[in-house]
Each structure stands twice: as structure tokens, then as C-alpha cells.
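Trainee: Hey, dropping entry_31.csv in here, CSV, C-alpha atoms and all ligand atoms:
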chain,number,residue,atom,x,y,z
Q,1,MET,CA,25.7,-11.1,-37.3
Q,2,GLN,CA,23.7,-12.5,-40.1
Q,3,THR,CA,20.1,-13.3,-39.1
Q,4,ASN,CA,20.1,-16.7,-40.8
Q,5,CYS,CA,22.8,-18.6,-38.9
Q,6,ARG,CA,22.3,-22.1,-37.7
Q,7,TRP,CA,24.9,-22.8,-35.0
Q,8,HIS,CA,25.9,-26.4,-34.6
Q,9,TYR,CA,27.6,-26.7,-31.2
Q,10,LEU,CA,29.9,-29.8,-31.2
Q,11,GLU,CA,32.3,-31.0,-28.5
Q,12,THR,CA,35.5,-31.7,-30.6
Q,13,ALA,CA,37.1,-30.8,-33.9
Q,14,GLU,CA,36.5,-34.4,-35.0
Q,15,ASP,CA,32.8,-34.0,-34.2
Q,16,VAL,CA,32.7,-30.8,-36.3
Q,17,ALA,CA,34.4,-32.6,-39.2
Q,18,LYS,CA,32.0,-35.5,-39.1
Q,19,ALA,CA,28.9,-33.4,-39.0
Q,20,ALA,CA,30.1,-31.1,-41.8
Q,21,CYS,CA,31.1,-34.0,-43.9
Q,22,ARG,CA,27.6,-35.5,-43.6
Q,23,GLN,CA,26.0,-32.2,-44.8
Q,24,ILE,CA,28.5,-31.9,-47.7
Q,25,LEU,CA,27.7,-35.4,-48.9
Q,26,ASP,CA,24.0,-34.8,-48.6
Q,27,ALA,CA,24.3,-31.6,-50.5
Q,28,ALA,CA,26.2,-33.3,-53.2
Q,29,GLU,CA,23.6,-36.1,-53.6
Q,30,SER,CA,20.8,-33.5,-53.9
Q,31,ALA,CA,22.7,-31.3,-56.3
Q,32,ILE,CA,23.6,-34.1,-58.6
Q,33,SER,CA,20.1,-35.6,-58.5
Q,34,GLU,CA,18.5,-32.2,-59.2
Q,35,ARG,CA,21.1,-30.5,-61.5
Q,36,GLY,CA,23.6,-33.2,-62.6
Q,37,LYS,CA,26.6,-31.6,-60.8
Q,38,PHE,CA,27.8,-30.5,-57.4
Q,39,LYS,CA,29.7,-27.2,-57.4
Q,40,LEU,CA,31.7,-27.0,-54.2
Q,41,VAL,CA,34.0,-24.2,-53.0
Q,42,LEU,CA,36.8,-25.4,-50.7
Q,43,ALA,CA,38.0,-23.5,-47.7
Q,44,GLY,CA,41.7,-22.9,-47.1
Q,45,GLY,CA,43.7,-23.0,-43.9
Q,46,SER,CA,44.1,-26.0,-41.7
Q,47,THR,CA,40.7,-26.5,-40.1
Q,48,PRO,CA,39.1,-28.2,-43.2
Q,49,GLU,CA,41.7,-30.9,-43.4
Q,50,LYS,CA,39.8,-33.2,-41.1
Q,51,VAL,CA,36.7,-32.8,-43.3
Q,52,TYR,CA,38.6,-33.4,-46.5
Q,53,ARG,CA,40.1,-36.6,-45.0
Q,54,LEU,CA,36.6,-37.9,-44.1
Q,55,LEU,CA,35.3,-37.0,-47.6
Q,56,ALA,CA,38.2,-38.9,-49.2
Q,57,GLU,CA,37.0,-42.0,-47.2
Q,58,SER,CA,33.4,-41.5,-48.4
Q,59,ASP,CA,31.5,-42.9,-51.3
Q,60,ALA,CA,30.2,-40.2,-53.6
Q,61,ASP,CA,29.4,-39.6,-57.2
Q,62,TRP,CA,32.8,-37.9,-57.7
Q,63,ALA,CA,32.5,-37.8,-61.5
Q,64,ASN,CA,29.9,-35.0,-61.0
Q,65,TRP,CA,31.8,-32.9,-58.5
Q,66,HIS,CA,33.2,-29.6,-59.5
Q,67,ILE,CA,35.8,-28.1,-57.2
Q,68,TYR,CA,36.6,-24.4,-56.7
Q,69,TYR,CA,38.7,-22.6,-54.1
Q,70,GLY,CA,37.5,-19.7,-51.9
Q,71,ASP,CA,41.0,-18.3,-51.8
Q,72,GLU,CA,44.7,-19.1,-52.5
Q,73,ARG,CA,48.0,-17.9,-51.4
Q,74,CYS,CA,50.3,-16.4,-54.1
Q,75,LEU,CA,53.0,-19.1,-53.8
Q,76,PRO,CA,54.5,-21.7,-56.2
Q,77,VAL,CA,52.1,-24.5,-57.0
Q,78,ASP,CA,54.1,-27.0,-55.0
Q,79,HIS,CA,54.6,-24.8,-52.0
Q,80,GLN,CA,53.6,-26.5,-48.7
Q,81,ASP,CA,51.4,-23.5,-47.7
Q,82,ARG,CA,49.2,-23.6,-50.8
Q,83,ASN,CA,45.6,-24.4,-50.0
Q,84,SER,CA,45.5,-26.4,-53.3
Q,85,LEU,CA,48.4,-28.6,-52.1
Q,86,MET,CA,46.6,-29.6,-48.9
Q,87,ALA,CA,43.3,-30.3,-50.7
Q,88,SER,CA,45.1,-32.4,-53.3
Q,89,ARG,CA,47.1,-34.4,-50.9
Q,90,VAL,CA,44.2,-35.1,-48.5
Q,91,LEU,CA,41.3,-35.4,-50.9
Q,92,LEU,CA,41.6,-34.6,-54.6
Q,93,ASP,CA,44.4,-37.0,-55.4
Q,94,LYS,CA,42.4,-39.8,-53.6
Q,95,VAL,CA,39.0,-39.5,-55.4
Q,96,ALA,CA,37.9,-39.7,-59.0
Q,97,ILE,CA,37.0,-36.1,-59.7
Q,98,PRO,CA,38.0,-35.4,-63.3
Q,99,ALA,CA,41.0,-33.1,-63.4
Q,100,ASN,CA,39.1,-30.7,-65.8
Q,101,GLN,CA,36.5,-30.2,-63.0
Q,102,ILE,CA,39.0,-29.0,-60.5
Q,103,TYR,CA,39.4,-25.2,-60.9
Q,104,THR,CA,42.7,-24.3,-59.1
Q,105,MET,CA,43.4,-20.6,-58.6
Q,106,PRO,CA,46.6,-19.7,-60.6
Q,107,ALA,CA,47.8,-17.7,-57.6
Q,108,GLU,CA,51.4,-18.4,-58.6
Q,109,LEU,CA,50.9,-15.8,-61.3
Q,110,GLY,CA,50.4,-13.1,-58.7
Q,111,PRO,CA,47.3,-11.4,-57.4
Q,112,GLU,CA,46.1,-9.4,-60.4
Q,113,VAL,CA,46.6,-11.9,-63.1
Q,114,ALA,CA,45.2,-14.8,-61.0
Q,115,ALA,CA,42.2,-12.8,-60.0
Q,116,ASP,CA,41.5,-11.8,-63.6
Q,117,ARG,CA,41.8,-15.4,-64.8
Q,118,TYR,CA,39.8,-16.9,-61.9
Q,119,LYS,CA,36.8,-14.5,-62.3
Q,120,LEU,CA,36.1,-16.3,-65.6
Q,121,ALA,CA,35.7,-19.6,-63.7
Q,122,VAL,CA,33.5,-18.0,-61.0
Q,123,SER,CA,31.4,-16.3,-63.6
Q,124,LYS,CA,30.9,-19.5,-65.5
Q,125,ALA,CA,30.0,-21.4,-62.2
Q,126,GLY,CA,27.1,-19.1,-61.4
Q,127,THR,CA,25.4,-20.1,-58.2
Q,128,PHE,CA,27.5,-22.5,-56.2
Q,129,ASP,CA,25.9,-25.5,-54.5
Q,130,MET,CA,28.0,-25.2,-51.4
Q,131,VAL,CA,30.7,-22.9,-50.1
Q,132,LEU,CA,33.1,-24.0,-47.2
Q,133,LEU,CA,34.7,-21.2,-45.2
Q,134,GLY,CA,37.0,-21.0,-42.2
Q,135,MET,CA,37.5,-18.0,-39.9
Q,136,GLY,CA,40.7,-16.4,-38.7
Q,137,GLU,CA,41.4,-15.0,-35.2
Q,138,ASP,CA,40.7,-11.5,-36.5
Q,139,GLY,CA,37.4,-12.5,-38.1
Q,140,HIS,CA,38.7,-12.8,-41.6
Q,141,THR,CA,37.3,-15.4,-44.0
Q,142,ALA,CA,38.8,-16.7,-47.2
Q,143,SER,CA,41.3,-13.9,-47.9
Q,144,LEU,CA,38.9,-11.1,-46.9
Q,145,PHE,CA,40.6,-9.3,-44.1
Q,146,PRO,CA,39.5,-6.5,-41.7
Q,147,GLY,CA,40.2,-3.0,-43.0
Q,148,HIS,CA,40.8,-4.1,-46.6
Q,149,GLN,CA,38.8,-2.3,-49.3
Q,150,HIS,CA,37.6,-4.1,-52.4
Q,151,GLN,CA,35.4,-3.2,-55.3
Q,152,GLN,CA,32.1,-4.7,-54.2
Q,153,ASP,CA,31.1,-5.7,-57.8
Q,154,GLU,CA,34.2,-7.8,-58.3
Q,155,LEU,CA,33.9,-11.6,-58.4
Q,156,VAL,CA,37.5,-12.2,-57.4
Q,157,HIS,CA,39.8,-9.9,-55.5
Q,158,ALA,CA,43.6,-9.4,-55.8
Q,159,VAL,CA,44.7,-9.2,-52.1
Q,160,TYR,CA,47.9,-7.4,-50.9
Q,161,ASN,CA,49.3,-6.8,-47.4
Q,162,SER,CA,47.5,-9.8,-45.9
Q,163,PRO,CA,48.1,-9.8,-42.1
Q,164,LYS,CA,48.2,-13.6,-42.4
Q,165,PRO,CA,51.2,-14.7,-44.4
Q,166,PRO,CA,51.8,-14.7,-47.3
Q,167,PRO,CA,51.0,-11.1,-48.0
Q,168,GLU,CA,49.7,-11.6,-51.5
Q,169,ARG,CA,46.6,-13.7,-52.1
Q,170,VAL,CA,43.6,-14.2,-54.3
Q,171,SER,CA,40.1,-14.4,-52.9
Q,172,ILE,CA,36.6,-14.9,-54.2
Q,173,SER,CA,34.6,-11.9,-53.2
Q,174,ALA,CA,32.0,-11.8,-50.4
Q,175,ASN,CA,29.2,-11.3,-53.0
Q,176,ALA,CA,30.4,-14.3,-55.1
Q,177,LEU,CA,30.9,-16.5,-52.0
Q,178,SER,CA,27.4,-15.5,-50.9
Q,179,ASN,CA,26.0,-16.7,-54.2
Q,180,THR,CA,25.5,-20.3,-53.0
Q,181,ARG,CA,22.7,-22.7,-52.1
Q,182,GLU,CA,24.4,-23.8,-48.9
Q,183,LEU,CA,27.3,-22.3,-46.9
Q,184,ILE,CA,29.2,-23.9,-44.0
Q,185,PHE,CA,31.7,-22.2,-41.7
Q,186,LEU,CA,34.1,-24.5,-39.9
Q,187,ILE,CA,35.4,-23.0,-36.7
Q,188,THR,CA,37.5,-24.9,-34.1
Q,189,GLY,CA,40.1,-23.9,-31.5
Q,190,ALA,CA,40.3,-21.6,-28.5
Q,191,ASN,CA,42.2,-19.0,-30.6
Q,192,LYS,CA,38.9,-18.3,-32.4
Q,193,GLN,CA,36.9,-17.5,-29.3
Q,194,GLU,CA,37.4,-13.7,-29.4
Q,195,ALA,CA,36.4,-13.4,-33.0
Q,196,VAL,CA,33.4,-15.7,-32.5
Q,197,ASN,CA,32.1,-13.5,-29.6
Q,198,LEU,CA,32.7,-10.3,-31.6
Q,199,TRP,CA,30.8,-11.8,-34.6
Q,200,ARG,CA,27.9,-12.9,-32.4
Q,201,SER,CA,27.7,-9.5,-30.8
Q,202,GLY,CA,27.3,-7.9,-34.2
Q,203,SER,CA,30.8,-6.6,-35.0
Q,204,ASP,CA,31.4,-5.7,-38.7
Q,205,LEU,CA,33.9,-8.5,-39.4
Q,206,PRO,CA,34.6,-10.0,-42.8
Q,207,VAL,CA,32.7,-13.2,-41.7
Q,208,ALA,CA,29.7,-11.0,-41.3
Q,209,SER,CA,29.9,-9.9,-44.9
Q,210,ILE,CA,29.0,-13.4,-46.1
Q,211,THR,CA,25.2,-13.1,-46.7
Q,212,PRO,CA,23.7,-16.0,-48.7
Q,213,GLU,CA,19.9,-16.1,-49.2
Q,214,ASN,CA,19.6,-19.4,-47.4
Q,215,PRO,CA,20.7,-20.1,-43.8
Q,216,ILE,CA,24.4,-20.4,-43.0
Q,217,ASP,CA,25.5,-23.5,-41.1
Q,218,ILE,CA,28.2,-22.8,-38.5
Q,219,TYR,CA,29.9,-25.9,-37.2
Q,220,ILE,CA,31.9,-25.0,-34.1
Q,221,ASP,CA,33.7,-26.9,-31.3
Q,222,SER,CA,33.6,-26.3,-27.6
Q,223,ASP,CA,37.1,-24.7,-27.6
Q,224,ALA,CA,35.9,-22.0,-29.9
Q,225,PHE,CA,32.6,-21.3,-28.2
Q,226,LYS,CA,30.6,-22.6,-25.3
Q,227,PRO,CA,26.9,-21.7,-25.5
Y,301,LIG,C1,43.7,-19.1,-45.8
Y,301,LIG,C2,42.3,-19.4,-45.4
Y,301,LIG,C3,41.8,-18.6,-44.2
Y,301,LIG,C4,41.5,-19.6,-43.2
Y,301,LIG,C5,41.5,-18.9,-41.8
Y,301,LIG,C6,41.4,-20.0,-40.7
Y,301,LIG,O1,44.1,-19.2,-46.9
Y,301,LIG,O2,44.5,-18.8,-44.9
Y,301,LIG,O3,41.4,-19.3,-46.4
Y,301,LIG,O4,40.7,-17.8,-44.4
Y,301,LIG,O5,40.3,-20.2,-43.5
Y,301,LIG,O6,42.6,-18.1,-41.6
Y,301,LIG,O7,42.6,-20.8,-40.8
Y,301,LIG,P1,42.8,-22.1,-39.9
Y,301,LIG,O8,41.7,-23.0,-40.4
Y,301,LIG,O9,44.2,-22.6,-40.2
Y,301,LIG,O10,42.6,-21.7,-38.5
Let me see whether you can do it: turn the structure in this file into C-alpha cells.
Mentor:
Amino acid sequence: MQTNCRWHYLETAEDVAKAACRQILDAAESAISERGKFKLVLAGGSTPEKVYRLLAESDADWANWHIYYGDERCLPVDHQDRNSLMASRVLLDKVAIPANQIYTMPAELGPEVAADRYKLAVSKAGTFDMVLLGMGEDGHTASLFPGHQHQQDELVHAVYNSPKPPPERVSISANALSNTRELIFLITGANKQEAVNLWRSGSDLPVASITPENPIDIYIDSDAFKP
């Protein structure tokens, strides 16, 4: 496990969402004050939904937020399983972030084309201000799965044969996800217990490949881990 993890043990998934939302808003205020913009990478899956709903109810300098995605499923843009669809419905359609500051992964074009296109956005972004990530039951994060081989110097990967449907995805690479000032993992639910324990005992899981210079904040509920 990374040596610079700050574990925040919360009781419920709602507590996790509230605490993470607070850190995100604080990070945004600092980034905009210091650099004029807040470059945030959204996590996919279902766990972040509670956080996005709380953000949508918050007051923030949305005009200076820039939104990226850590990964996306290769599905039509309006498919219910798209990470971008959930984020739009719950957050992005409800706040005044300029549309040209929301960098959606063109995953509907397929893994290769989408990865090739999106690496330009990631390259232009440079160091992110905050990256949000979830973790799967097998210790995957974004669409970086156990046993998958990728070119380490890539900014964005084309993903095939994902064990979590759909099989084809696009994912920002571990190196590029690690190029961030702050990074939050959001982990809730009893189905994550085994992967959390493996991670904490030093297993070489994809979550362990995320190694930003600054400390990682892990917000976890009591179903996923009991200290
Ligand atoms: C995806 C996600 C993926 C997700 C984990 C956890 O597109 O599937 O990026 O990495 O974060 O699988 O998913 P849940 O939050 O739904 O448990």
C-alpha cells in the first residue's frame, strides 16, 4: 500500500459523501484562488453519486471548474451506464460549469480512437488539482484492472476485456491519474472489504498503482472496513 494514505473512517456512505464533498469544495476554493481554475477528475461507478448530489447543492465558483473523467465505458453517449450520463444528470446539468470546460471522453468512438483523442485533453490539463477514484471488488480503479498490461508512458489507455461490463473502456493511466495535487478514493459497501484488506496488506492491486506525490485521502465507510 502507498505510504502516504490518510484513511478517513466514517460510519455511513452518507458520512463519506459529506466529508469528501467538503474536501472537494475546499480544494476548488484554493485552486481557483491560487491558479484561477479547478481541474477535477470525476470518478465513475455508483459510489460517487452521493458526492455529486451534495456538490450540486453547494455554492461554488463553478465558472472556473474544469471537469475530466477518470474513465468511461464504450457505450452510446445516452446509454444509462455511461459515467458521463450519471455525472450530468446529478451534477453537471445542475451547476453553471461552462460546457467547453467539461471534457467528456468520446468513448462511443471505441477504445483506440477515444484514448487517442482524450490524451490531448489530459496532456493539456497537466497536473490535475483533484482526482476522484472508486475501487472495485477486485481492487481495480478507474478502468485499470488486475492482470491488464498497459504501456506505462501512455496518458490514456484503450481497455479491452474488462471483467466489469462493458468489456471496452477508456481509462486515464495510473501515471496521469497520479499527476494531481490531491486525490480522493471513495470506498463504501461490504463488497469492498476483501479488496480493502488485500490493499492494506500490500497486495499489488491497481489501486496501489496510484502514487501521487502528496498524501492520498481515502474516505471509507464501516461496511467496507472496520479499523
Ligand atoms: C467504472 C468505474 C469503476 C468504479 C468501481 C467502483 O467505470 O466502473 O470507474 O472504477 O469506480 O468499479 O464502482 P462502484 O462505485 O459502482 O462500486
Trainee: What is the CA of Phe185 in chain Q-CA of Ala31 in chain Q distance in Å, reported with one decimal?
Mentor: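 It comes out at 19.4 Å.
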Trainee: Fewer than 6 positions away in the same chain doesn't count, so skip those; otherwise give me all residues within 9 Å of Pro98 in chain Q, counting only C-alpha atoms, as a PDB file with C-alpha atoms, in the coordinates of the input.
Mentor:
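So around-v5.pdb came out as:
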ATOM      1  CA  TRP Q  62      32.800 -37.900 -57.700  1.00  0.00           C
ATOM      2  CA  ALA Q  63      32.500 -37.800 -61.500  1.00  0.00           C
ATOM      3  CA  ASN Q  64      29.900 -35.000 -61.000  1.00  0.00           C
ATOM      4  CA  TRP Q  65      31.800 -32.900 -58.500  1.00  0.00           C
ATOM      5  CA  HIS Q  66      33.200 -29.600 -59.500  1.00  0.00           C
TER       6      HIS Q  66
END
Trainee: Using all atoms listed in the file for the distances, tell me which of Q:Asp59, Q:Asp78, Q:Glu14, Q:Glu108 is nearest to Arg169 in chain Q.
Mentor: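 Ranked by minimum distance to Arg169 in chain Q, first place goes to Q:Glu108.
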Trainee: Using all atoms listed in the file for the distances, tell me which of Q:Ala107, Q:Ala56, Q:Val207, Q:Ala43 is nearest to ligand LIG 301 (chain Y).
Mentor: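 Closest to ligand LIG 301 (chain Y), using all atoms listed in the file: Q:Ala43.
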Trainee: Check which residues fall inside 7 Å of ligand LIG 301 (chain Y) when counting all atoms listed in the file, and print them as a CSV table (one decimal) with C-alpha atoms, keeping the file's coordinate frame.
Mentor:
chain,number,residue,atom,x,y,z
Q,43,ALA,CA,38.0,-23.5,-47.7
Q,44,GLY,CA,41.7,-22.9,-47.1
Q,45,GLY,CA,43.7,-23.0,-43.9
Q,46,SER,CA,44.1,-26.0,-41.7
Q,47,THR,CA,40.7,-26.5,-40.1
Q,48,PRO,CA,39.1,-28.2,-43.2
Q,70,GLY,CA,37.5,-19.7,-51.9
Q,71,ASP,CA,41.0,-18.3,-51.8
Q,72,GLU,CA,44.7,-19.1,-52.5
Q,73,ARG,CA,48.0,-17.9,-51.4
Q,83,ASN,CA,45.6,-24.4,-50.0
Q,133,LEU,CA,34.7,-21.2,-45.2
Q,134,GLY,CA,37.0,-21.0,-42.2
Q,135,MET,CA,37.5,-18.0,-39.9
Q,136,GLY,CA,40.7,-16.4,-38.7
Q,140,HIS,CA,38.7,-12.8,-41.6
Q,141,THR,CA,37.3,-15.4,-44.0
Q,142,ALA,CA,38.8,-16.7,-47.2
Q,143,SER,CA,41.3,-13.9,-47.9
Q,164,LYS,CA,48.2,-13.6,-42.4
Trainee: Measuring atom to atom with only C-alpha atoms, identify which of Q:Tyr118, Q:Phe128, Q:Trp7, Q:Phe38 is nearest to His157 in chain Q.
Mentor: Q:Tyr118
Trainee: Show me the residues close to (40.1, -20.8, -25.5) - anything with an atom within 7 Å, counting only C-alpha atoms - and format the list as a list of chain:residue names.
Mentor: Q:Gly189, Q:Ala190, Q:Asn191, Q:Gln193, Q:Asp223, Q:Ala224
Trainee: What separation in Å, quoted to one decimal, exists between CA of Ser171 in chain Q and CA of Val156 in chain Q?
Mentor: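 Result for CA of Ser171 in chain Q versus CA of Val156 in chain Q: 5.6 Å, one decimal.
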Trainee: Considering only C-alpha atoms, state which residue in the set Q:Asp221, Q:Asp116, Q:Asp138, Q:Glu29 is at the smallest distance from Glu154 in chain Q.
Mentor: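 Answer, going by the shortest atom-to-atom distance: Q:Asp116.
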Trainee: Using all atoms listed in the file, can you tell me which of Q:Met1, Q:Val16, Q:Leu132, Q:Met105 comes closest to Lys50 in chain Q?
Mentor: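 Result for the nearest residue to Lys50 in chain Q: Q:Val16.
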Trainee: Expressed in Å to a single decimal, how great is the separation between CA of Val95 in chain Q and CA of Asp81 in chain Q?
Mentor: 21.7 Å
Trainee: Give as a list in words every residue, naming chains and numbers as the document does, that has an atom within 10 Å of (26.1, -23.0, -50.9), counting all atoms listed in the file.
Mentor: Ile24, Ala27, Lys39, Leu40, Val41, Thr127, Phe128, Asp129, Met130, Val131, Leu132, Leu177, Ser178, Asn179, Thr180, Arg181, Glu182, Leu183, Ile184, Pro212, Glu213, Asn214, Pro215, Ile216 and Asp217 of chain Q
Trainee: With distances taken over only C-alpha atoms, which of Q:Ile32, Q:Ile187, Q:Ile102, Q:Val122 is nearest to Glu137 in chain Q?
Mentor: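 Looking at the shortest contact to Glu137 in chain Q, the residue is Q:Ile187.
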Trainee: Excluding Leu109 in chain Q and any residue of its chain fewer than 6 positions from it, enumerate the residues within 10 Å of it, using only C-alpha atoms, and give them as a list in words.
Mentor: Cys74, Leu75, Pro76, Val77, Ala115 and Arg117 of chain Q
Trainee: Just add N, CA and C atoms to range 183-209 of chain Q and send it as a PDB file, in the coordinates of the input.
Mentor:
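Dumped to result-v2.pdb:
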ATOM      1  N   LEU Q 183      25.994 -22.876 -47.335  1.00  0.00           N
ATOM      2  CA  LEU Q 183      27.300 -22.300 -46.900  1.00  0.00           C
ATOM      3  C   LEU Q 183      27.597 -22.831 -45.494  1.00  0.00           C
ATOM      4  N   ILE Q 184      28.798 -23.368 -45.336  1.00  0.00           N
ATOM      5  CA  ILE Q 184      29.200 -23.900 -44.000  1.00  0.00           C
ATOM      6  C   ILE Q 184      30.478 -23.137 -43.579  1.00  0.00           C
ATOM      7  N   PHE Q 185      30.439 -22.681 -42.316  1.00  0.00           N
ATOM      8  CA  PHE Q 185      31.700 -22.200 -41.700  1.00  0.00           C
ATOM      9  C   PHE Q 185      32.166 -23.330 -40.758  1.00  0.00           C
ATOM     10  N   LEU Q 186      33.463 -23.560 -40.786  1.00  0.00           N
ATOM     11  CA  LEU Q 186      34.100 -24.500 -39.900  1.00  0.00           C
ATOM     12  C   LEU Q 186      35.026 -23.787 -38.980  1.00  0.00           C
ATOM     13  N   ILE Q 187      34.687 -23.834 -37.672  1.00  0.00           N
ATOM     14  CA  ILE Q 187      35.400 -23.000 -36.700  1.00  0.00           C
ATOM     15  C   ILE Q 187      35.791 -23.887 -35.498  1.00  0.00           C
ATOM     16  N   THR Q 188      37.080 -24.077 -35.277  1.00  0.00           N
ATOM     17  CA  THR Q 188      37.500 -24.900 -34.100  1.00  0.00           C
ATOM     18  C   THR Q 188      38.722 -24.177 -33.459  1.00  0.00           C
ATOM     19  N   GLY Q 189      38.876 -24.435 -32.155  1.00  0.00           N
ATOM     20  CA  GLY Q 189      40.100 -23.900 -31.500  1.00  0.00           C
ATOM     21  C   GLY Q 189      39.826 -22.723 -30.615  1.00  0.00           C
ATOM     22  N   ALA Q 190      40.482 -22.711 -29.466  1.00  0.00           N
ATOM     23  CA  ALA Q 190      40.300 -21.600 -28.500  1.00  0.00           C
ATOM     24  C   ALA Q 190      40.759 -20.282 -29.043  1.00  0.00           C
ATOM     25  N   ASN Q 191      41.653 -20.321 -30.017  1.00  0.00           N
ATOM     26  CA  ASN Q 191      42.200 -19.000 -30.600  1.00  0.00           C
ATOM     27  C   ASN Q 191      41.101 -18.314 -31.405  1.00  0.00           C
ATOM     28  N   LYS Q 192      39.970 -18.966 -31.633  1.00  0.00           N
ATOM     29  CA  LYS Q 192      38.900 -18.300 -32.400  1.00  0.00           C
ATOM     30  C   LYS Q 192      37.824 -17.695 -31.503  1.00  0.00           C
ATOM     31  N   GLN Q 193      37.920 -17.933 -30.186  1.00  0.00           N
ATOM     32  CA  GLN Q 193      36.900 -17.500 -29.300  1.00  0.00           C
ATOM     33  C   GLN Q 193      36.545 -16.011 -29.376  1.00  0.00           C
ATOM     34  N   GLU Q 194      37.591 -15.175 -29.408  1.00  0.00           N
ATOM     35  CA  GLU Q 194      37.400 -13.700 -29.400  1.00  0.00           C
ATOM     36  C   GLU Q 194      36.608 -13.276 -30.639  1.00  0.00           C
ATOM     37  N   ALA Q 195      37.046 -13.800 -31.769  1.00  0.00           N
ATOM     38  CA  ALA Q 195      36.400 -13.400 -33.000  1.00  0.00           C
ATOM     39  C   ALA Q 195      34.961 -13.921 -33.067  1.00  0.00           C
ATOM     40  N   VAL Q 196      34.727 -15.121 -32.534  1.00  0.00           N
ATOM     41  CA  VAL Q 196      33.400 -15.700 -32.500  1.00  0.00           C
ATOM     42  C   VAL Q 196      32.460 -14.757 -31.670  1.00  0.00           C
ATOM     43  N   ASN Q 197      32.950 -14.361 -30.512  1.00  0.00           N
ATOM     44  CA  ASN Q 197      32.100 -13.500 -29.600  1.00  0.00           C
ATOM     45  C   ASN Q 197      31.880 -12.147 -30.256  1.00  0.00           C
ATOM     46  N   LEU Q 198      32.892 -11.597 -30.924  1.00  0.00           N
ATOM     47  CA  LEU Q 198      32.700 -10.300 -31.600  1.00  0.00           C
ATOM     48  C   LEU Q 198      31.651 -10.454 -32.710  1.00  0.00           C
ATOM     49  N   TRP Q 199      31.770 -11.556 -33.453  1.00  0.00           N
ATOM     50  CA  TRP Q 199      30.800 -11.800 -34.600  1.00  0.00           C
ATOM     51  C   TRP Q 199      29.411 -11.906 -34.029  1.00  0.00           C
ATOM     52  N   ARG Q 200      29.262 -12.692 -32.946  1.00  0.00           N
ATOM     53  CA  ARG Q 200      27.900 -12.900 -32.400  1.00  0.00           C
ATOM     54  C   ARG Q 200      27.334 -11.657 -31.785  1.00  0.00           C
ATOM     55  N   SER Q 201      28.238 -10.725 -31.402  1.00  0.00           N
ATOM     56  CA  SER Q 201      27.700  -9.500 -30.800  1.00  0.00           C
ATOM     57  C   SER Q 201      27.498  -8.399 -31.867  1.00  0.00           C
ATOM     58  N   GLY Q 202      27.681  -8.792 -33.131  1.00  0.00           N
ATOM     59  CA  GLY Q 202      27.300  -7.900 -34.200  1.00  0.00           C
ATOM     60  C   GLY Q 202      28.458  -7.065 -34.796  1.00  0.00           C
ATOM     61  N   SER Q 203      29.702  -7.416 -34.466  1.00  0.00           N
ATOM     62  CA  SER Q 203      30.800  -6.600 -35.000  1.00  0.00           C
ATOM     63  C   SER Q 203      30.878  -6.801 -36.542  1.00  0.00           C
ATOM     64  N   ASP Q 204      31.325  -5.742 -37.202  1.00  0.00           N
ATOM     65  CA  ASP Q 204      31.400  -5.700 -38.700  1.00  0.00           C
ATOM     66  C   ASP Q 204      32.644  -6.396 -39.167  1.00  0.00           C
ATOM     67  N   LEU Q 205      32.714  -7.700 -39.005  1.00  0.00           N
ATOM     68  CA  LEU Q 205      33.900  -8.500 -39.400  1.00  0.00           C
ATOM     69  C   LEU Q 205      33.681  -9.043 -40.818  1.00  0.00           C
ATOM     70  N   PRO Q 206      34.763  -9.407 -41.485  1.00  0.00           N
ATOM     71  CA  PRO Q 206      34.600 -10.000 -42.800  1.00  0.00           C
ATOM     72  C   PRO Q 206      33.650 -11.233 -42.824  1.00  0.00           C
ATOM     73  N   VAL Q 207      33.664 -12.022 -41.752  1.00  0.00           N
ATOM     74  CA  VAL Q 207      32.700 -13.200 -41.700  1.00  0.00           C
ATOM     75  C   VAL Q 207      31.289 -12.715 -41.808  1.00  0.00           C
ATOM     76  N   ALA Q 208      31.039 -11.501 -41.313  1.00  0.00           N
ATOM     77  CA  ALA Q 208      29.700 -11.000 -41.300  1.00  0.00           C
ATOM     78  C   ALA Q 208      29.259 -10.449 -42.690  1.00  0.00           C
ATOM     79  N   SER Q 209      30.228 -10.375 -43.600  1.00  0.00           N
ATOM     80  CA  SER Q 209      29.900  -9.900 -44.900  1.00  0.00           C
ATOM     81  C   SER Q 209      29.435 -10.978 -45.882  1.00  0.00           C
TER      82      SER Q 209
END
